[in-house]
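Peer 1: Quick one, work_3.pdb (PDB, C-alpha atoms and all ligand atoms):
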ATOM      1  CA  MET E   1     -69.390 -70.240 190.220  1.00  0.00           C
ATOM      2  CA  THR E   2     -68.104 -71.063 186.817  1.00  0.00           C
ATOM      3  CA  VAL E   3     -64.767 -69.909 185.532  1.00  0.00           C
ATOM      4  CA  PRO E   4     -64.819 -68.892 181.863  1.00  0.00           C
ATOM      5  CA  GLU E   5     -62.455 -70.893 179.648  1.00  0.00           C
ATOM      6  CA  THR E   6     -60.364 -67.820 178.902  1.00  0.00           C
ATOM      7  CA  GLY E   7     -60.133 -66.911 182.603  1.00  0.00           C
ATOM      8  CA  PHE E   8     -61.203 -63.617 184.037  1.00  0.00           C
ATOM      9  CA  GLN E   9     -60.069 -60.722 181.943  1.00  0.00           C
ATOM     10  CA  THR E  10     -59.929 -58.181 184.785  1.00  0.00           C
ATOM     11  CA  LEU E  11     -59.577 -58.286 188.554  1.00  0.00           C
ATOM     12  CA  GLN E  12     -62.939 -56.594 188.902  1.00  0.00           C
ATOM     13  CA  ALA E  13     -64.599 -59.346 186.842  1.00  0.00           C
ATOM     14  CA  ALA E  14     -63.053 -61.998 189.085  1.00  0.00           C
ATOM     15  CA  GLN E  15     -64.155 -60.169 192.246  1.00  0.00           C
ATOM     16  CA  GLU E  16     -67.688 -59.764 190.938  1.00  0.00           C
ATOM     17  CA  ALA E  17     -67.833 -63.468 190.143  1.00  0.00           C
ATOM     18  CA  GLY E  18     -66.681 -64.284 193.679  1.00  0.00           C
ATOM     19  CA  ALA E  19     -63.474 -65.995 192.589  1.00  0.00           C
ATOM     20  CA  VAL E  20     -60.538 -66.385 194.948  1.00  0.00           C
ATOM     21  CA  THR E  21     -57.960 -63.711 194.170  1.00  0.00           C
ATOM     22  CA  LEU E  22     -54.335 -63.742 195.226  1.00  0.00           C
ATOM     23  CA  TYR E  23     -52.873 -60.248 195.598  1.00  0.00           C
ATOM     24  CA  TYR E  24     -49.249 -61.152 194.863  1.00  0.00           C
ATOM     25  CA  GLY E  25     -48.534 -57.581 193.801  1.00  0.00           C
ATOM     26  CA  GLN E  26     -49.261 -56.358 197.313  1.00  0.00           C
ATOM     27  CA  PHE E  27     -47.016 -59.096 198.711  1.00  0.00           C
ATOM     28  CA  PHE E  28     -44.119 -58.039 196.453  1.00  0.00           C
ATOM     29  CA  ASN E  29     -44.762 -54.412 197.348  1.00  0.00           C
ATOM     30  CA  SER E  30     -44.565 -55.260 201.065  1.00  0.00           C
ATOM     31  CA  CYS E  31     -41.328 -57.195 200.520  1.00  0.00           C
ATOM     32  CA  ILE E  32     -39.737 -54.285 198.657  1.00  0.00           C
ATOM     33  CA  THR E  33     -40.888 -51.830 201.319  1.00  0.00           C
ATOM     34  CA  LEU E  34     -39.397 -54.035 204.050  1.00  0.00           C
ATOM     35  CA  LEU E  35     -36.127 -54.231 202.124  1.00  0.00           C
ATOM     36  CA  ILE E  36     -35.941 -50.445 201.685  1.00  0.00           C
ATOM     37  CA  VAL E  37     -36.674 -49.799 205.366  1.00  0.00           C
ATOM     38  CA  ALA E  38     -34.079 -52.399 206.419  1.00  0.00           C
ATOM     39  CA  ILE E  39     -31.396 -50.849 204.205  1.00  0.00           C
ATOM     40  CA  ALA E  40     -32.209 -47.366 205.512  1.00  0.00           C
ATOM     41  CA  MET E  41     -32.059 -48.544 209.141  1.00  0.00           C
ATOM     42  CA  PHE E  42     -28.744 -50.305 208.484  1.00  0.00           C
ATOM     43  CA  ALA E  43     -27.233 -47.171 206.929  1.00  0.00           C
ATOM     44  CA  ILE E  44     -28.454 -44.911 209.757  1.00  0.00           C
ATOM     45  CA  ILE E  45     -27.219 -47.197 212.532  1.00  0.00           C
ATOM     46  CA  ARG E  46     -23.868 -47.719 210.836  1.00  0.00           C
ATOM     47  CA  SER E  47     -23.330 -43.975 210.390  1.00  0.00           C
ATOM     48  CA  VAL E  48     -24.286 -43.320 214.035  1.00  0.00           C
ATOM     49  CA  ASN E  49     -21.837 -45.990 215.195  1.00  0.00           C
ATOM     50  CA  LYS E  50     -19.112 -44.529 213.016  1.00  0.00           C
ATOM     51  CA  LEU E  51     -19.803 -41.034 214.388  1.00  0.00           C
ATOM     52  CA  ASP E  52     -19.700 -42.374 217.951  1.00  0.00           C
ATOM     53  CA  GLN E  53     -16.365 -44.047 217.261  1.00  0.00           C
ATOM     54  CA  GLU E  54     -14.941 -40.849 215.746  1.00  0.00           C
ATOM     55  CA  LEU E  55     -16.069 -38.838 218.783  1.00  0.00           C
ATOM     56  CA  ASP E  56     -14.385 -41.351 221.076  1.00  0.00           C
ATOM     57  CA  GLU E  57     -11.178 -41.064 219.081  1.00  0.00           C
ATOM     58  CA  ALA E  58     -11.353 -37.256 218.999  1.00  0.00           C
ATOM     59  CA  PHE E  59     -12.104 -36.612 222.663  1.00  0.00           C
ATOM     60  CA  GLY E  60     -10.713 -39.749 224.216  1.00  0.00           C
ATOM     61  CA  GLU E  61     -12.548 -42.245 226.264  1.00  0.00           C
ATOM     62  CA  GLU E  62     -13.618 -41.598 229.822  1.00  0.00           C
ATOM     63  CA  PRO E  63     -10.839 -42.014 232.339  1.00  0.00           C
ATOM     64  CA  PRO E  64     -11.191 -45.152 234.425  1.00  0.00           C
ATOM     65  CA  PRO E  65     -12.617 -44.604 237.911  1.00  0.00           C
ATOM     66  CA  PRO E  66      -9.984 -44.381 240.612  1.00  0.00           C
ATOM     67  CA  GLU E  67      -9.207 -47.752 242.031  1.00  0.00           C
ATOM     68  CA  GLU E  68     -10.109 -48.478 245.596  1.00  0.00           C
ATOM     69  CA  PRO E  69      -7.130 -49.317 247.757  1.00  0.00           C
ATOM     70  CA  ALA E  70      -6.644 -52.882 248.832  1.00  0.00           C
ATOM     71  CA  ASP E  71      -8.391 -54.125 251.940  1.00  0.00           C
ATOM     72  CA  LYS E  72      -6.561 -53.869 255.242  1.00  0.00           C
ATOM     73  CA  LYS E  73      -4.964 -56.810 256.902  1.00  0.00           C
ATOM     74  CA  CYS E  74      -5.118 -56.868 260.692  1.00  0.00           C
ATOM     75  CA  GLU E  75      -1.702 -57.041 262.364  1.00  0.00           C
ATOM     76  CA  TYR E  76      -3.060 -59.126 265.249  1.00  0.00           C
ATOM     77  CA  CYS E  77      -5.438 -61.712 263.791  1.00  0.00           C
ATOM     78  CA  ARG E  78      -4.252 -61.526 260.140  1.00  0.00           C
ATOM     79  CA  SER E  79      -7.809 -61.269 258.824  1.00  0.00           C
ATOM     80  CA  THR E  80      -8.761 -58.767 256.152  1.00  0.00           C
ATOM     81  CA  SER E  81     -11.341 -56.038 256.545  1.00  0.00           C
ATOM     82  CA  HIS E  82     -12.648 -53.145 254.431  1.00  0.00           C
ATOM     83  CA  PHE E  83     -10.051 -50.529 253.530  1.00  0.00           C
ATOM     84  CA  LYS E  84     -12.045 -47.795 255.322  1.00  0.00           C
ATOM     85  CA  ALA E  85     -12.344 -49.785 258.554  1.00  0.00           C
ATOM     86  CA  ILE E  86     -10.715 -48.253 261.620  1.00  0.00           C
ATOM     87  CA  ARG E  87     -11.328 -51.257 263.843  1.00  0.00           C
ATOM     88  CA  CYS E  88     -10.932 -54.950 263.039  1.00  0.00           C
ATOM     89  CA  PRO E  89     -14.343 -56.696 262.965  1.00  0.00           C
ATOM     90  CA  HIS E  90     -12.772 -59.974 264.126  1.00  0.00           C
ATOM     91  CA  CYS E  91     -10.566 -59.021 267.068  1.00  0.00           C
ATOM     92  CA  THR E  92     -11.720 -55.407 267.571  1.00  0.00           C
ATOM     93  CA  SER E  93      -8.163 -54.080 267.584  1.00  0.00           C
ATOM     94  CA  GLU E  94      -7.721 -50.622 266.162  1.00  0.00           C
ATOM     95  CA  LEU E  95      -6.481 -50.379 262.630  1.00  0.00           C
ATOM     96  CA  THR E  96      -4.432 -47.531 261.250  1.00  0.00           C
ATOM     97  CA  PRO E  97      -6.625 -44.981 259.458  1.00  0.00           C
ATOM     98  CA  PRO E  98      -6.315 -44.850 255.686  1.00  0.00           C
ATOM     99  CA  GLN E  99      -3.234 -42.965 254.628  1.00  0.00           C
ATOM    100  CA  ARG E 100      -3.874 -39.898 252.552  1.00  0.00           C
ATOM    101  CA  PRO E 101      -1.462 -39.372 249.711  1.00  0.00           C
ATOM    102  CA  THR E 102       1.143 -36.888 250.893  1.00  0.00           C
ATOM    103  CA  SER E 103       2.211 -34.165 248.545  1.00  0.00           C
ATOM    104  CA  GLN E 104       5.710 -34.422 247.187  1.00  0.00           C
ATOM    105  CA  MET E 105       6.281 -30.655 247.200  1.00  0.00           C
ATOM    106  CA  GLU E 106       8.616 -29.205 249.830  1.00  0.00           C
TER     107      GLU E 106
HETATM  108 ZN    ZN E 201      -8.011 -58.368 263.865  1.00  0.00          ZN
END
Kindly return the structure encoded in the file as structure tokens.
Ligand SMILES: [Zn+2]
Peer 2:
Amino acid sequence: MTVPETGFQTLQAAQEAGAVTLYYGQFFNSCITLLIVAIAMFAIIRSVNKLDQELDEAFGEEPPPPEEPADKKCEYCRSTSHFKAIRCPHCTSELTPPQRPTSQME
């Protein structure tokens, strides 16, 4: 293949001659498309996060789950066992059942 001294005048002439062609326009187009998509994704995600934050502020966050009471301590062997246990797993003595909160109304 011989390249004319003035170069190929058109892309079609270069392709017909079998010359190597670099499609830099397509590369720039892909870069711009990527940039546009990235900006759009950034804007959408930021607005969703802002909306989520506003909803949290408007309706309040979820209340924390009720805390479990502390584990029981055996009066006889001084070991600790689960707060729902009714019998000590170490010395098998009976433990007091969990106290229910008594109402303050009279
Ligand atoms: Zn015990």
Peer 1: Rank E:Lys72, E:Ser79, E:Thr96, E:Lys84 by their smallest atom-to-atom distance to ligand ZN 201 (chain E), using only C-alpha atoms and all ligand atoms, and report the top residue only.
Peer 2: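 Closest residue, counting only C-alpha atoms and all ligand atoms: E:Ser79.
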Peer 1: Restricting the calculation to all atoms listed in the file: of E:Ile32, E:Phe42, E:Met1, E:Glu68, which residue gets closest to Glu16 (chain E)?
Peer 2: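 For Glu16 (chain E), the nearest of the candidates is E:Met1.
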Peer 1: Step by step, measure atom-to-atom distances between ligand ZN 201 (chain E) and each residue using only C-alpha atoms and all ligand atoms, keep those at most 8 Å, then write them as an NGL selection string.
Peer 2: :E and (73-80 or 87-93)
Peer 1: Expressed in Å to a single decimal, how great is the separation between CA of Thr33 (chain E) and CA of Ser47 (chain E)?
Peer 2: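 A separation of 21.3 Å between them.
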Peer 1: Step by step, gather every atom of region 51-64 of chain E that the file lists, find the box along x, y and z that holds them, add 6 Å on each side, and finally give centre and edge lengths in Å to one decimal, as AutoDock Vina command-line options.
Peer 2:
--center_x -15.3 --center_y -40.9 --center_z 224.4 --size_x 21.1 --size_y 20.5 --size_z 32.0
Peer 1: At what distance in Å, to one decimal, does CA of Glu94 (chain E) lie from CA of Ala70 (chain E)?
Peer 2: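 Going from CA of Ala70 (chain E) over to CA of Glu94 (chain E) covers 17.5 Å.
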Peer 1: Counting all atoms listed in the file, figure out which residue out of E:Asp71, E:Phe8, E:Asp56, E:Lys50 gets nearest to Val20 (chain E).
Peer 2: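 Nearest candidate to Val20 (chain E) out of E:Asp71, E:Phe8, E:Asp56, E:Lys50: E:Phe8.
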